[in-house]
Amino acid sequence: MDINLLALGVGNSRLAIGVFAGGELRQVARLSVADPDQWAATIRKVWPADAAGWAVAAAGVNPRLNSQIDEVVRAVTGQSVLWIGRDIDIPIGVETQNPSETGIDRILNIAAAYEQIGKACIVVDAGTAVTVDCCNDNGDFLGGAIAPGMKMMLDSLAEKTAAIGRVSFSVPSPTPADSTAAAVSQGIYFSIRGLVREIAENYAAQLGQWPEIIATGGDANQLFDEWELIHAIAPDLGLYGIALAYAEHHIKHET
């Protein structure tokens with residue numbers, strides 16, 4: 001479906017803005033969630049002068065920001081935000097115990113990955129938290145795991161220990177670390193990669209096949225670049241999930 005859409009992914013740390021024109025993702029911006037003035041300036045910059053047939057759709061895991069997003073979008077575009085899960089149907093089945101409590105970002109990541117792969121797959125989202133989720137061959141979201149993300153681990157070590165202090169992460173070598181900073185980077189790097197490998201092996205055993213693994217999120221490149229376990233790194237996966245939900249909702253409801 002050739003959609004014209006401003007897609008907003010509202011995370012814990014960042015607001016992702018994607019511009020889909022004729023169904024193609026043309027522009028992406030990522031902003032701090034702490035700077036609404038920058039949201040408005042960026043949306044004003046990318047919103048087309050002739051906005052006939054355009055819409056704004058959003059998905060978020062940070063509910064405290066929803067009203068601010070609504071206000072900014074309405075002020076800049078004159079339109080109301082269509083929220084996935086409230087105004088727009090979720091595009092895949094969700095098999096968790098409490099689907100309404102399952103992060104919409106996790107679901108949309110899987111929906112976008114499945115739409116491309118067409119069979120059981122895993123999505124690793126390395127952001128504020130690290131999530132590892134999977135779907136079956138029908139594309140149903142089965143659930144997954146949630147763990148602290150890289151920055152959260154760095155912050156925790158700095159705040160809860162007396163001697164480590166603030167460390168800037170860098171991709172480590174596999175040899176024993178010879179400094180505190182290198183030791184912290186190595187511990188976090190291999191903790192997250194080990195988590196992903198162990199969980200993927202468990203999910204594969206349950207699925208009866210090895211699923212392809214897609215990585216996304218702000219820390220994905222540092223953690224997973226050129227790792228043989230990862231089929232692809234797709235930084236804009238969540239935005240594609242929003243666009244997919246919007247398109248399928250309108251096809252379903254013939255609007």
# chains A, B, ... in the order shown; residues from 1 in each chain; ligands from 1
>>> closest_atom_pairs(of="stretch 188-225 of chain A", to="stretch 117-127 of chain A", cutoff="7 Å", atoms="only C-alpha atoms", output="Markdown table")
| residue | atom | partner | partner_atom | distance |
| --- | --- | --- | --- | --- |
| A:Pro211 | CA | A:Cys121 | CA | 4.6 |
| A:Glu212 | CA | A:Cys121 | CA | 5.1 |
| A:Ile213 | CA | A:Ile122 | CA | 4.7 |
| A:Ile214 | CA | A:Val123 | CA | 4.8 |
| A:Ala215 | CA | A:Val124 | CA | 4.7 |
| A:Thr216 | CA | A:Asp125 | CA | 4.8 |
| A:Gly217 | CA | A:Ala126 | CA | 4.6 |
| A:Gly218 | CA | A:Gly127 | CA | 5.4 |
| A:Asp219 | CA | A:Ala126 | CA | 5.3 |
| A:Ala220 | CA | A:Ala126 | CA | 5.4 |
>>> residues_around(residues="A:Val76", least_positions_apart="4", cutoff="8 Å", atoms="only C-alpha atoms", output="ChimeraX atom specification")
/A:40,43-44,72
>>> closest_residue(among="A:Ile17, A:Ala51, A:Val73, A:Ala57", to="A:Ala247", atoms="only C-alpha atoms")
A:Ala57
>>> select_by_dssp(residues="stretch 33-239 of chain A", states="strand (DSSP E)", output="ChimeraX atom specification")
/A:55-60,82-83,121-126,129-135,141-148,212-216,232-233
>>> write_last_selection(atoms="C-alpha atoms", output="PDB file, in the first residue's frame")
ATOM      1  CA  ALA A  55      -1.624  10.917   8.462  1.00  0.00           C
ATOM      2  CA  VAL A  56       0.332  10.651  11.702  1.00  0.00           C
ATOM      3  CA  ALA A  57       0.598   7.297  13.475  1.00  0.00           C
ATOM      4  CA  ALA A  58       2.483   6.540  16.671  1.00  0.00           C
ATOM      5  CA  ALA A  59       3.405   3.723  18.994  1.00  0.00           C
ATOM      6  CA  GLY A  60       4.941   4.211  22.386  1.00  0.00           C
ATOM      7  CA  LEU A  82      -3.460   7.696  15.511  1.00  0.00           C
ATOM      8  CA  TRP A  83      -2.052   5.417  18.216  1.00  0.00           C
ATOM      9  CA  CYS A 121      12.095 -15.267  13.595  1.00  0.00           C
ATOM     10  CA  ILE A 122      13.680 -13.492  16.535  1.00  0.00           C
ATOM     11  CA  VAL A 123      14.120  -9.752  17.040  1.00  0.00           C
ATOM     12  CA  VAL A 124      16.742  -8.377  19.413  1.00  0.00           C
ATOM     13  CA  ASP A 125      16.159  -4.737  20.337  1.00  0.00           C
ATOM     14  CA  ALA A 126      19.215  -3.211  22.022  1.00  0.00           C
ATOM     15  CA  ALA A 129      16.467  -2.365  27.677  1.00  0.00           C
ATOM     16  CA  VAL A 130      17.523  -5.396  25.651  1.00  0.00           C
ATOM     17  CA  THR A 131      14.544  -7.422  24.473  1.00  0.00           C
ATOM     18  CA  VAL A 132      14.699 -10.771  22.696  1.00  0.00           C
ATOM     19  CA  ASP A 133      11.343 -11.746  21.182  1.00  0.00           C
ATOM     20  CA  CYS A 134      10.109 -14.356  18.741  1.00  0.00           C
ATOM     21  CA  CYS A 135       7.194 -15.368  16.566  1.00  0.00           C
ATOM     22  CA  PHE A 141       4.033 -12.945  18.746  1.00  0.00           C
ATOM     23  CA  LEU A 142       4.946 -15.588  21.326  1.00  0.00           C
ATOM     24  CA  GLY A 143       6.749 -13.421  23.883  1.00  0.00           C
ATOM     25  CA  GLY A 144      10.354 -13.062  24.859  1.00  0.00           C
ATOM     26  CA  ALA A 145      12.875 -11.801  27.366  1.00  0.00           C
ATOM     27  CA  ILE A 146      13.694  -8.375  28.800  1.00  0.00           C
ATOM     28  CA  ALA A 147      17.058  -7.435  30.307  1.00  0.00           C
ATOM     29  CA  PRO A 148      18.903  -4.207  31.166  1.00  0.00           C
ATOM     30  CA  GLU A 212      16.733 -15.921  11.698  1.00  0.00           C
ATOM     31  CA  ILE A 213      17.653 -13.120  14.109  1.00  0.00           C
ATOM     32  CA  ILE A 214      17.141  -9.447  13.303  1.00  0.00           C
ATOM     33  CA  ALA A 215      18.747  -6.793  15.514  1.00  0.00           C
ATOM     34  CA  THR A 216      17.540  -3.239  16.013  1.00  0.00           C
ATOM     35  CA  ALA A 232      20.645  -8.383   9.683  1.00  0.00           C
ATOM     36  CA  ILE A 233      20.718  -5.134  11.636  1.00  0.00           C
TER      37      ILE A 233
END
>>> closest_residue(among="A:Gly139, A:Gly194, A:Pro176, A:Pro99", to="A:Phe224", atoms="only C-alpha atoms")
A:Gly194
>>> residues_around(residues="A:Pro48", least_positions_apart="5", cutoff="10 Å", atoms="only C-alpha atoms", output="list in words")
Asn4, Leu6, Val19, Ala21, Ile43, Trp54 and Thr77 of chain A
>>> select_by_dssp(residues="stretch 70-217 of chain A", states="helix (DSSP H, G or I)", output="ChimeraX atom specification")
/A:70-77,99-101,104-117,150-160,180-207
>>> residues_around(residues="A:Arg193", least_positions_apart="6", cutoff="10 Å", atoms="only C-alpha atoms", output="list in words")
Ile199, Leu223, Phe224, Trp227 and Leu229 of chain A
>>> write_last_selection(atoms="C-alpha atoms", output="compact mmCIF listing (two decimals), in the first residue's frame")
# COMPACT_ATOMS: atom_id res chain seq x y z
CA ILE A 199 17.86 -17.37 24.53
CA LEU A 223 26.99 -4.98 20.08
CA PHE A 224 26.23 -7.12 17.03
CA TRP A 227 28.31 -11.28 14.39
CA LEU A 229 24.41 -15.07 14.80
>>> atom_distance(atom1="atom CA of A:Gly53", atom2="atom CA of A:Gly241")
19.9 Å
>>> atom_distance(atom1="atom CA of A:Ala234", atom2="atom CA of A:Asp70")
27.3 Å
>>> closest_residue(among="A:Val33, A:Val28, A:Leu207, A:Met150", to="A:Phe190", atoms="only C-alpha atoms")
A:Met150
>>> closest_residue(among="A:Ile104, A:Ala163, A:Ala41, A:Ala34", to="A:Gly238", atoms="only C-alpha atoms")
A:Ile104
>>> closest_residue(among="A:Leu65, A:Leu8, A:Ala113, A:Leu244", to="A:His231", atoms="only C-alpha atoms")
A:Ala113
